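Containing compact mmCIF, C-alpha atoms: coords13.txt.
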# COMPACT_ATOMS: atom_id res chain seq x y z
CA MET P 17 16.31 25.62 -0.33
CA LYS P 18 12.67 26.59 -0.91
CA LEU P 19 9.84 24.34 0.31
CA SER P 20 6.10 24.39 -0.38
CA LEU P 21 3.74 22.84 2.18
CA VAL P 22 0.51 21.75 0.46
CA GLU P 23 -2.84 20.79 2.03
CA TYR P 24 -5.16 20.19 -0.91
CA GLN P 25 -8.29 18.69 0.71
CA GLY P 26 -9.69 21.42 2.97
CA ARG P 27 -12.16 19.19 4.79
CA GLN P 28 -14.84 21.22 6.54
CA ASP P 29 -18.34 20.76 7.91
CA THR P 30 -21.48 22.44 6.59
CA THR P 31 -20.73 25.56 8.68
CA GLY P 32 -17.27 25.96 7.12
CA ARG P 33 -15.39 24.78 10.18
CA PRO P 34 -12.41 22.50 9.35
CA VAL P 35 -12.46 18.87 10.47
CA GLY P 36 -9.61 16.42 10.80
CA HIS P 37 -5.97 16.86 11.73
CA ALA P 38 -4.80 19.03 8.81
CA PRO P 39 -4.73 22.41 10.66
CA LYS P 40 -2.84 20.90 13.60
CA VAL P 41 -0.13 19.23 11.55
CA LEU P 42 0.19 22.18 9.15
CA ALA P 43 0.97 24.48 12.09
CA GLN P 44 3.27 21.86 13.59
CA TYR P 45 5.19 21.21 10.37
CA PHE P 46 5.49 24.91 9.52
CA GLU P 47 7.09 25.63 12.88
CA MET P 48 9.46 22.68 12.45
CA VAL P 49 10.77 23.51 8.97
CA GLN P 50 10.48 27.27 8.48
CA GLY P 51 13.79 27.93 10.23
CA SER P 52 15.67 25.63 7.84
CA PHE P 53 13.83 26.23 4.57
CA ASP P 54 12.34 29.18 2.74
CA THR P 55 8.78 27.95 3.26
CA ASP P 56 5.52 28.85 1.57
CA ILE P 57 2.08 27.30 2.01
CA PHE P 58 -0.79 26.28 -0.26
CA ALA P 59 -4.10 25.42 1.46
CA PRO P 60 -7.82 26.25 1.41
CA GLU P 61 -8.82 29.25 3.48
CA CYS P 62 -10.61 27.25 6.20
CA ILE P 63 -7.40 25.31 6.92
CA LEU P 64 -5.19 28.41 6.93
CA LYS P 65 -7.41 30.26 9.42
CA GLU P 66 -7.52 27.33 11.83
CA SER P 67 -3.79 26.65 11.52
CA GLU P 68 -3.01 30.22 12.59
CA LYS P 69 -4.85 29.59 15.86
CA LYS P 70 -2.67 26.55 16.60
CA LEU P 71 0.72 28.23 16.19
CA SER P 72 2.83 28.72 19.29
CA ASP P 73 4.47 31.78 17.67
CA ARG P 74 2.86 33.68 14.77
CA LYS P 75 5.82 35.88 13.86
CA ALA P 76 7.19 33.69 11.05
CA TRP P 77 3.67 32.99 9.74
CA ASP P 78 2.84 36.72 9.63
CA GLU P 79 6.08 37.40 7.76
CA ARG P 80 5.06 34.83 5.13
CA LYS P 81 1.67 36.50 4.79
CA LYS P 82 3.24 39.91 4.26
CA SER P 83 5.56 38.54 1.58
CA LYS P 84 2.61 36.78 -0.10
CA ASN P 85 4.02 33.31 0.52
CA ILE P 86 0.75 31.93 1.90
CA HIS P 87 -1.50 30.94 -1.00
CA ILE P 88 -5.23 30.21 -0.74
CA LEU P 89 -6.38 27.19 -2.74
CA PRO P 90 -9.90 27.71 -4.14
CA ASN P 91 -11.70 24.50 -3.16
CA SER P 92 -12.76 22.81 0.07
CA LEU P 93 -14.51 19.49 0.72
CA THR P 94 -17.74 19.79 2.70
CA MET P 95 -18.25 16.71 4.86
CA LYS P 96 -21.87 15.67 5.40
CA GLY P 97 -23.68 12.75 6.95
CA LYS P 98 -24.44 11.49 3.46
CA ASN P 99 -22.85 12.82 0.28
CA SER P 100 -24.73 12.39 -2.98
CA PHE P 101 -23.03 10.73 -5.94
CA SER P 102 -22.62 14.11 -7.63
CA ASP P 103 -21.05 15.56 -4.46
CA LYS P 104 -18.55 12.71 -4.37
CA VAL P 105 -17.60 13.22 -8.02
CA LEU P 106 -17.30 17.00 -7.60
CA ASN P 107 -15.09 16.52 -4.54
CA LYS P 108 -12.62 14.53 -6.62
CA PHE P 109 -12.43 17.34 -9.19
CA ARG P 110 -12.02 19.89 -6.41
CA MET P 111 -9.01 18.00 -5.08
CA PHE P 112 -7.54 17.64 -8.58
CA SER P 113 -7.93 21.38 -9.11
CA ASN P 114 -6.16 22.22 -5.84
CA ILE P 115 -3.30 19.80 -6.55
CA ASN P 116 -2.91 21.20 -10.05
CA LYS P 117 -2.83 24.81 -8.85
CA ALA P 118 -0.27 24.08 -6.13
CA LEU P 119 2.09 22.21 -8.43
CA LYS P 120 1.81 24.73 -11.27
CA ASN P 121 2.26 27.79 -9.05
CA SER P 122 4.87 26.59 -6.59
CA GLN P 123 8.34 27.98 -7.21
CA ALA P 124 9.85 25.73 -4.56
CA ASP P 125 12.61 23.14 -4.90
CA VAL P 126 10.42 20.60 -3.08
CA VAL P 127 6.62 20.39 -2.87
CA TRP P 128 5.48 18.46 0.22
CA PHE P 129 1.95 17.00 0.34
CA PHE P 130 1.65 16.16 4.04
CA ASN P 131 -2.05 15.23 4.34
CA THR P 132 -2.83 12.78 1.57
CA GLU P 133 -5.22 10.17 0.23
CA TYR P 134 -5.68 8.08 -2.91
CA TYR P 135 -6.63 10.86 -5.34
CA LEU P 136 -3.27 12.56 -5.00
CA MET P 137 -1.73 9.30 -6.21
CA LEU P 138 -4.19 9.17 -9.10
CA TYR P 139 -3.26 12.73 -10.09
CA LEU P 140 0.47 12.00 -10.00
CA ALA P 141 -0.01 8.80 -12.00
CA LEU P 142 -2.16 10.44 -14.67
CA VAL P 143 -0.79 13.99 -14.86
CA GLY P 144 2.63 13.80 -13.24
CA ASN P 145 4.53 16.14 -10.94
CA HIS P 146 4.95 19.07 -13.41
CA GLY P 147 8.71 18.66 -13.22
CA LYS P 148 8.78 19.32 -9.46
CA LYS P 149 10.45 17.30 -6.73
CA VAL P 150 7.55 15.93 -4.69
CA CYS P 151 7.56 14.65 -1.13
CA VAL P 152 4.45 12.79 0.07
CA THR P 153 3.38 11.71 3.54
CA SER P 154 1.69 8.31 3.38
CA PHE P 155 -0.52 6.84 6.07
CA MET P 156 -0.72 3.45 4.37
CA GLU P 157 1.61 1.02 2.64
CA GLY P 158 -0.66 0.12 -0.23
CA PHE P 159 -3.97 -1.38 -1.33
CA THR P 160 -5.19 -4.95 -0.80
CA ALA P 161 -8.48 -6.65 -1.66
CA LYS P 162 -9.16 -7.44 2.00
CA LYS P 163 -8.73 -3.83 3.03
CA ASN P 164 -9.79 -1.87 -0.03
CA GLY P 165 -12.29 -4.01 -1.95
CA LYS P 166 -12.45 -5.41 -5.45
CA PHE P 167 -10.66 -2.48 -7.12
CA ALA P 168 -7.63 -2.76 -4.83
CA GLY P 169 -5.45 -4.26 -7.55
CA ILE P 170 -6.07 -1.34 -9.90
CA LYS P 171 -5.51 1.17 -7.10
CA GLN P 172 -2.25 -0.52 -6.18
CA LYS P 173 -0.96 -0.30 -9.75
CA ILE P 174 -1.87 3.40 -9.87
CA PHE P 175 -0.16 3.90 -6.50
CA GLU P 176 3.00 2.21 -7.77
CA LYS P 177 2.98 4.35 -10.93
CA ALA P 178 2.55 7.50 -8.82
CA GLN P 179 5.57 6.53 -6.72
CA LYS P 180 7.79 7.07 -9.78
CA LYS P 181 6.84 10.76 -9.59
CA ILE P 182 7.75 11.05 -5.89
CA SER P 183 11.24 11.85 -4.57
CA VAL P 184 10.64 10.54 -1.07
CA ILE P 185 7.71 9.13 0.89
CA ILE P 186 7.45 9.99 4.57
CA ALA P 187 5.85 6.84 6.00
CA THR P 188 3.93 7.36 9.23
CA GLY P 189 3.71 3.62 9.96
CA TYR P 190 6.39 1.10 10.81
CA GLY P 191 8.00 -1.13 8.17
CA TYR P 192 6.29 0.30 5.10
CA ASN P 193 7.88 -0.83 1.84
CA PHE P 194 7.23 1.00 -1.43
CA LYS P 195 8.15 -0.57 -4.76
CA ASN P 196 9.15 2.55 -6.73
CA ALA P 197 10.11 5.21 -4.19
CA LYS P 198 12.51 5.61 -1.32
CA SER P 199 10.91 6.19 2.07
CA VAL P 200 11.68 7.13 5.64
CA PHE P 201 9.65 6.41 8.81
CA ILE P 202 8.59 9.60 10.61
CA PRO P 203 5.45 9.73 12.82
CA ASP P 204 2.92 12.39 11.88
CA TYR P 205 2.39 13.52 15.49
CA THR P 206 5.16 14.69 17.80
CA TYR P 207 5.41 14.73 21.58
CA ASP P 208 6.06 18.16 23.02
CA GLU P 209 6.27 18.23 26.81
CA ARG P 210 5.24 21.90 26.83
CA ILE P 211 1.88 20.98 25.28
CA TYR P 212 1.02 17.59 26.75
CA GLY P 213 2.84 17.63 30.07
CA LYS P 214 0.34 19.82 31.89
CA PHE P 215 -2.50 17.45 30.97
CA SER P 216 -0.81 14.13 31.65
CA ASP P 217 0.38 15.01 35.16
CA GLY P 218 -3.19 15.75 36.27
CA SER P 219 -2.45 19.27 37.50
CA TYR P 220 -4.32 21.22 34.82
CA GLU P 221 -7.84 22.45 35.48
CA CYS P 222 -9.78 23.00 32.28
CA GLU P 223 -12.26 25.86 32.01
CA THR P 224 -15.25 24.24 30.34
CA GLU P 225 -18.98 23.78 30.52
CA LEU P 226 -18.61 20.10 29.65
CA ALA P 227 -19.48 17.64 32.38
CA ILE P 228 -16.14 15.87 32.70
CA PRO P 229 -16.67 12.75 34.85
CA ASP P 230 -15.07 12.61 38.30
CA GLY P 231 -14.66 8.84 38.46
CA LYS P 232 -13.23 6.25 36.11
CA TYR P 233 -14.35 6.39 32.49
CA ALA P 234 -13.34 5.57 28.94
CA VAL P 235 -13.45 8.12 26.15
CA CYS P 236 -13.89 8.01 22.38
CA LEU P 237 -12.72 11.23 20.69
CA GLY P 238 -12.51 12.78 17.25
CA THR P 239 -14.81 13.47 14.34
CA MET P 240 -17.56 10.85 14.35
CA ASN P 241 -17.36 9.83 10.72
CA PRO P 242 -19.06 6.87 8.99
CA GLU P 243 -15.91 4.72 9.16
CA LYS P 244 -15.92 4.52 12.96
CA GLN P 245 -17.64 1.44 14.40
CA LEU P 246 -19.75 3.45 16.82
CA GLU P 247 -22.69 1.04 16.87
CA GLU P 248 -20.51 -1.92 17.86
CA MET P 249 -18.70 0.16 20.48
CA THR P 250 -21.93 1.52 21.98
CA GLU P 251 -23.45 -1.95 22.21
CA ALA P 252 -20.32 -3.37 23.85
CA PHE P 253 -20.05 -0.67 26.52
CA SER P 254 -23.79 -0.73 27.18
CA ARG P 255 -23.40 -4.46 27.82
CA ILE P 256 -20.38 -4.30 30.12
CA GLY P 257 -21.55 -1.19 32.00
CA TYR P 258 -18.25 0.70 32.03
CA PRO P 259 -18.73 4.52 31.76
CA LEU P 260 -18.00 5.77 28.23
CA VAL P 261 -17.92 9.36 26.96
CA VAL P 262 -18.20 9.74 23.18
CA ALA P 263 -17.18 13.31 22.37
CA GLY P 264 -16.76 14.92 18.96
CA ARG P 265 -18.67 16.35 16.03
CA PHE P 266 -21.21 14.07 14.32
CA TYR P 267 -21.75 14.61 10.61
CA ASP P 268 -24.84 12.43 10.70
CA LYS P 269 -27.37 13.64 13.29
CA GLU P 270 -29.76 10.78 12.56
CA ARG P 271 -27.02 8.32 13.39
CA LEU P 272 -26.39 10.15 16.66
CA GLU P 273 -30.04 9.81 17.66
CA ARG P 274 -30.02 6.09 16.80
CA LEU P 275 -26.94 5.62 18.97
CA ARG P 276 -28.52 7.50 21.87
CA ASP P 277 -31.66 5.38 21.60
CA LYS P 278 -29.73 2.12 21.83
CA ALA P 279 -27.20 3.23 24.48
CA ALA P 280 -27.45 2.36 28.17
CA ASP P 281 -27.19 5.07 30.83
CA ASN P 282 -23.43 4.57 31.22
CA VAL P 283 -22.77 5.86 27.67
CA THR P 284 -22.75 9.65 27.17
CA PHE P 285 -22.64 11.44 23.80
CA ILE P 286 -21.28 14.97 23.34
CA ASP P 287 -21.89 16.30 19.82
CA SER P 288 -19.55 19.26 19.89
CA TYR P 289 -16.32 20.76 18.66
CA LEU P 290 -14.02 20.41 21.62
CA SER P 291 -11.51 23.09 22.45
CA VAL P 292 -7.88 21.99 22.74
CA ASP P 293 -8.15 22.11 26.54
CA GLU P 294 -11.39 20.12 26.57
CA TYR P 295 -10.04 17.49 24.21
CA TYR P 296 -6.83 16.86 26.12
CA THR P 297 -8.47 17.09 29.55
CA LEU P 298 -11.07 14.47 28.60
CA LEU P 299 -8.30 12.30 27.18
CA ALA P 300 -5.80 12.66 30.01
CA LYS P 301 -8.33 12.15 32.83
CA ALA P 302 -9.79 9.01 31.22
CA GLU P 303 -8.61 5.55 32.18
CA TYR P 304 -8.98 4.30 28.61
CA THR P 305 -9.25 5.59 25.04
CA VAL P 306 -11.54 3.52 22.82
CA LEU P 307 -10.56 3.36 19.13
CA PRO P 308 -13.50 1.93 17.13
CA TYR P 309 -11.46 1.58 13.95
CA SER P 310 -11.57 -1.13 11.31
CA PRO P 311 -8.62 -3.51 11.85
CA GLU P 312 -8.40 -4.02 8.09
CA GLN P 313 -7.61 -0.32 7.68
CA TYR P 314 -5.90 0.74 10.88
CA GLY P 315 -3.85 -2.41 11.29
CA THR P 316 -1.53 -0.73 8.78
CA GLN P 317 -2.51 2.93 9.26
CA THR P 318 -1.68 5.34 12.04
CA SER P 319 -4.17 7.13 14.28
CA GLY P 320 -3.68 10.57 15.78
CA VAL P 321 -5.90 9.75 18.78
CA LEU P 322 -3.85 6.62 19.44
CA GLN P 323 -0.62 8.60 19.38
CA GLU P 324 -2.06 11.24 21.70
CA SER P 325 -3.20 8.51 24.09
CA VAL P 326 0.48 7.65 24.43
CA PHE P 327 1.28 11.34 24.96
CA CYS P 328 -1.32 11.71 27.73
CA GLY P 329 -0.73 8.35 29.43
CA THR P 330 -4.21 6.95 28.66
CA ILE P 331 -4.49 3.25 27.83
CA PRO P 332 -5.97 2.52 24.38
CA VAL P 333 -8.70 -0.08 23.87
CA SER P 334 -9.06 -1.43 20.33
CA TYR P 335 -8.70 -4.40 18.04
CA SER P 336 -5.48 -6.27 18.74
CA ARG P 337 -4.50 -5.83 15.09
CA VAL P 338 -4.81 -2.05 15.40
CA LEU P 339 -2.59 -1.95 18.49
CA ASP P 340 -0.08 -4.43 17.11
CA GLY P 341 0.13 -2.65 13.74
CA ASN P 342 0.92 0.61 15.50
CA ARG P 343 3.22 -1.07 18.04
CA VAL P 344 1.37 0.36 21.01
CA ASN P 345 0.48 -1.73 24.06
CA GLY P 346 -3.09 -1.59 25.30
CA ILE P 347 -6.30 -3.56 25.84
CA GLY P 348 -6.71 -5.57 22.66
CA PHE P 349 -9.65 -7.70 21.55
CA GLU P 350 -10.68 -9.77 18.56
CA CYS P 351 -14.07 -8.07 18.17
CA PHE P 352 -16.30 -5.78 20.26
CA ASP P 353 -18.60 -8.71 21.05
CA LYS P 354 -15.77 -10.31 23.01
CA LEU P 355 -14.88 -7.27 25.12
CA ARG P 356 -15.47 -8.24 28.77
CA PRO P 357 -15.82 -6.18 31.99
CA GLU P 358 -12.72 -7.83 33.44
CA ASP P 359 -10.66 -6.61 30.49
CA LEU P 360 -10.96 -3.11 31.96
CA GLU P 361 -10.06 -4.18 35.50
CA ILE P 362 -6.28 -4.17 35.28
CA THR P 363 -3.95 -4.07 38.29
CA ALA P 364 -1.94 -1.05 39.37
CA GLU P 365 1.22 -2.92 38.39
CA LYS P 366 -0.10 -3.60 34.89
CA ARG P 367 -1.16 0.01 34.47
CA GLN P 368 2.32 1.19 35.47
CA GLU P 369 3.81 -1.23 32.95
CA TYR P 370 1.77 0.46 30.22
CA LEU P 371 2.73 3.93 31.41
CA ASP P 372 6.43 3.05 31.46
CA GLU P 373 6.18 1.82 27.87
CA TYR P 374 4.40 5.02 26.79
CA ALA P 375 7.17 7.07 28.39
CA ARG P 376 9.70 5.10 26.33
CA LEU P 377 7.73 5.73 23.12
CA ARG P 378 7.51 9.46 23.87
CA ARG P 379 11.28 9.55 24.33
CA ASP P 380 12.48 7.19 21.58
CA VAL P 381 9.84 7.48 18.82
CA TYR P 382 7.70 10.62 19.18
CA ASP P 383 10.15 13.16 20.61
CA LYS P 384 9.58 16.50 18.90
CA TYR P 385 13.24 17.36 18.42
CA LYS P 386 14.17 13.93 17.05
CA ILE P 387 11.31 14.07 14.53
CA GLU P 388 12.21 17.63 13.58
CA LYS P 389 15.78 16.57 12.82
CA ASP P 390 14.67 13.51 10.80
CA LEU P 391 12.12 15.57 8.89
CA ARG P 392 14.60 18.23 7.85
CA ALA P 393 17.05 15.58 6.71
CA ALA P 394 14.37 13.81 4.62
CA LEU P 395 13.27 17.02 2.91
CA ALA P 396 16.83 18.19 2.27
CA GLY P 397 17.60 14.82 0.69
CA CYS P 398 14.81 15.00 -1.92
How does this structure look as structure tokens?
Amino acid sequence: MKLSLVEYQGRQDTTGRPVGHAPKVLAQYFEMVQGSFDTDIFAPECILKESEKKLSDRKAWDERKKSKNIHILPNSLTMKGKNSFSDKVLNKFRMFSNINKALKNSQADVVWFFNTEYYLMLYLALVGNHGKKVCVTSFMEGFTAKKNGKFAGIKQKIFEKAQKKISVIIATGYGYNFKNAKSVFIPDYTYDERIYGKFSDGSYECETELAIPDGKYAVCLGTMNPEKQLEEMTEAFSRIGYPLVVAGRFYDKERLERLRDKAADNVTFIDSYLSVDEYYTLLAKAEYTVLPYSPEQYGTQTSGVLQESVFCGTIPVSYSRVLDGNRVNGIGFECFDKLRPEDLEITAEKRQEYLDEYARLRRDVYDKYKIEKDLRAALAGC
């Protein structure tokens, strides 16, 4: 059976460096499936280059390159602090063009779109699947007015029409139910002891110029995009006085300066691309991971940082709806205004209770070999 892996967005910053989790999961998925399927890849060049760096073994990837089974899609999306209206419109056409090229040129039995958003659904609803069997990874169950605004009803109808063009949906969240397509729950991140073990046991010493705190601290990681509630988080931690490190690339430099101006001395900002070692060291050594995500969105959407908190044994701090929706125990609150200093003063017994639960999740839900088996079965059943 032949399989095409498609990443059609190609999100990058103004320097051409990719942002988001696409390169990581492309490398991860390729290594999982290439032994069972004749696999080719469609993705923008920036994603392909970064994915190569994240492979544990490049032999199979290099073989695909030699046989011309790695295809460069022409368009990328440049992420800025503020995109003009014309930029936003052009980005939609760029995604449509990439989707169209992948579907028209793939000779595979199954075309798998593993990093998706609404405009893939719009394309499938309007144009169709070009007679191909399509597998789609979905990070959300659907669209509601509370979560997606006044056009949610229209978006939901388009989403339901697109489902008729999809053979199977890989749902990354629990309990998703799709009206017109069969689905299977498979998390989008996997736990691999070989990768995360050395960080979570505290034995690894990272070579870095970053000032990683020696004492207790909380950390907020990832690309600092407009959707993250950084202002509310900064105000809350400035108020309670608990050390917070905010580390990741900021699209909007003016926003970064405003945050620094309003932050107390206990809040540190690092505007940088973190290496893999820096990212996981900051995460694993922290007491807490702060997830400043909208509960309307992430109450029914998965988070890579939240999953990796479980992998590294770091307790997440977020809206209760975010933690409950992802079925991960942590420090939950109703809103940042109600976060209190005593919320971050848990006992050793309570901390061990969290860690024991995370160990269960790593074993029962996120285990790499379990997910690999489920993924192969889902794709073979398209």
Margin query: Set the distance at 6 Å and use only C-alpha atoms: which residues neighbour segment 393-398 of chain P once local chain neighbours fewer than 2 positions away are removed? I'd like the list as a list of chain:residue names.
Written below: P:Ser183, P:Asp390, P:Leu391
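Going from atom CA of Leu71 of chain P over to atom CA of Ile211 of chain P, you cover 11.7 Å.
Within the 9 Å cut-off around segment 215-226 of chain P, using all atoms listed in the file and omitting residues fewer than 3 positions from it on the same chain, the listed residues are Ile211, Tyr212, Ile286, Ser291, Asp293, Glu294, Tyr296, Thr297, Leu299, Ala300, Lys301, Phe327, Cys328, Gly329 and Thr330 of chain P.
Among the candidates P:Leu298, P:Ile186, P:Ala168, P:Leu322, the residue lying nearest to Ile228 of chain P is P:Leu298 (atoms considered: all atoms listed in the file).
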Check: Quick one, how far is atom CA of Asp73 of chain P from atom CA of Leu290 of chain P?
Finding: 22.1 Å
Next item on the list: Please identify all polymer residues lying at most 7 Å from the point (-28.2, 0.5, 24.4) (file coordinates), using all atoms listed in the file, and present the result as a PyMOL selection string.
Entry: chain P and resi 250-251+254+277-280
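Closest approach to Gln28 of chain P from the set P:Thr239, P:Thr153, P:Lys120, P:Ile115 is made by P:Thr239, with distances taken over all atoms listed in the file.
Among the candidate residues P:Ile185, P:Tyr370, P:Gly147, P:Gly51, the one lying nearest to Ser199 of chain P is P:Ile185, with distances computed using all atoms listed in the file.
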Extract, using all atoms listed in the file, all DNA, RNA and protein residues at most 7 Å from Asp287 of chain P, discarding same-chain residues fewer than 2 positions from it, and format them as a tab-separated table (two decimals) with C-alpha atoms, keeping the file's coordinate frame.
chain	number	residue	atom	x	y	z
P	263	ALA	CA	-17.18	13.31	22.37
P	264	GLY	CA	-16.76	14.92	18.96
P	265	ARG	CA	-18.67	16.35	16.03
P	266	PHE	CA	-21.21	14.07	14.32
P	285	PHE	CA	-22.64	11.44	23.80
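Rounded to one decimal, atom CA of Tyr314 of chain P and atom CA of Phe349 of chain P lie 14.1 Å from each other.
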Next item on the list: Return the single residue from P:Ala38, P:Leu21, P:Ile88, P:Met156 that is closest to Asp56 of chain P, with distances computed using only C-alpha atoms.
Entry: P:Leu21
Item checked: Ref. answer, residues at most 12 Å from (7.4, 12.1, -9.1) with only C-alpha atoms, as a VMD selection string -> chain P and resid 119 126 to 129 136 to 152 175 to 185 196 to 198 398
Check: Can you tell me, as a PyMOL selection string, what residues are no more than 10 Å from Ser67 of chain P when counting all atoms listed in the file, ignoring any on the same chain fewer than 6 positions away?
Finding: chain P and resi 34+38-44+46+61+77
Notebook entry, point to check: When distances are computed from only C-alpha atoms, which of P:Tyr192, P:Tyr24, P:Tyr289, P:Tyr233 shows the smallest separation from Gly257 of chain P?
Noted result: P:Tyr233
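Using all atoms listed in the file, the shortest contact distance between Asp208 of chain P and any of P:Thr55, P:Ser113, P:Ser72, P:Gln368 is found at P:Ser72.
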Checklist line | Thr188 of chain P environment, 8 Å, all atoms listed in the file, sequence neighbours closer than 5 positions dropped, as number ranges by chain | finding: P: 153-156, 201-204, 317-318
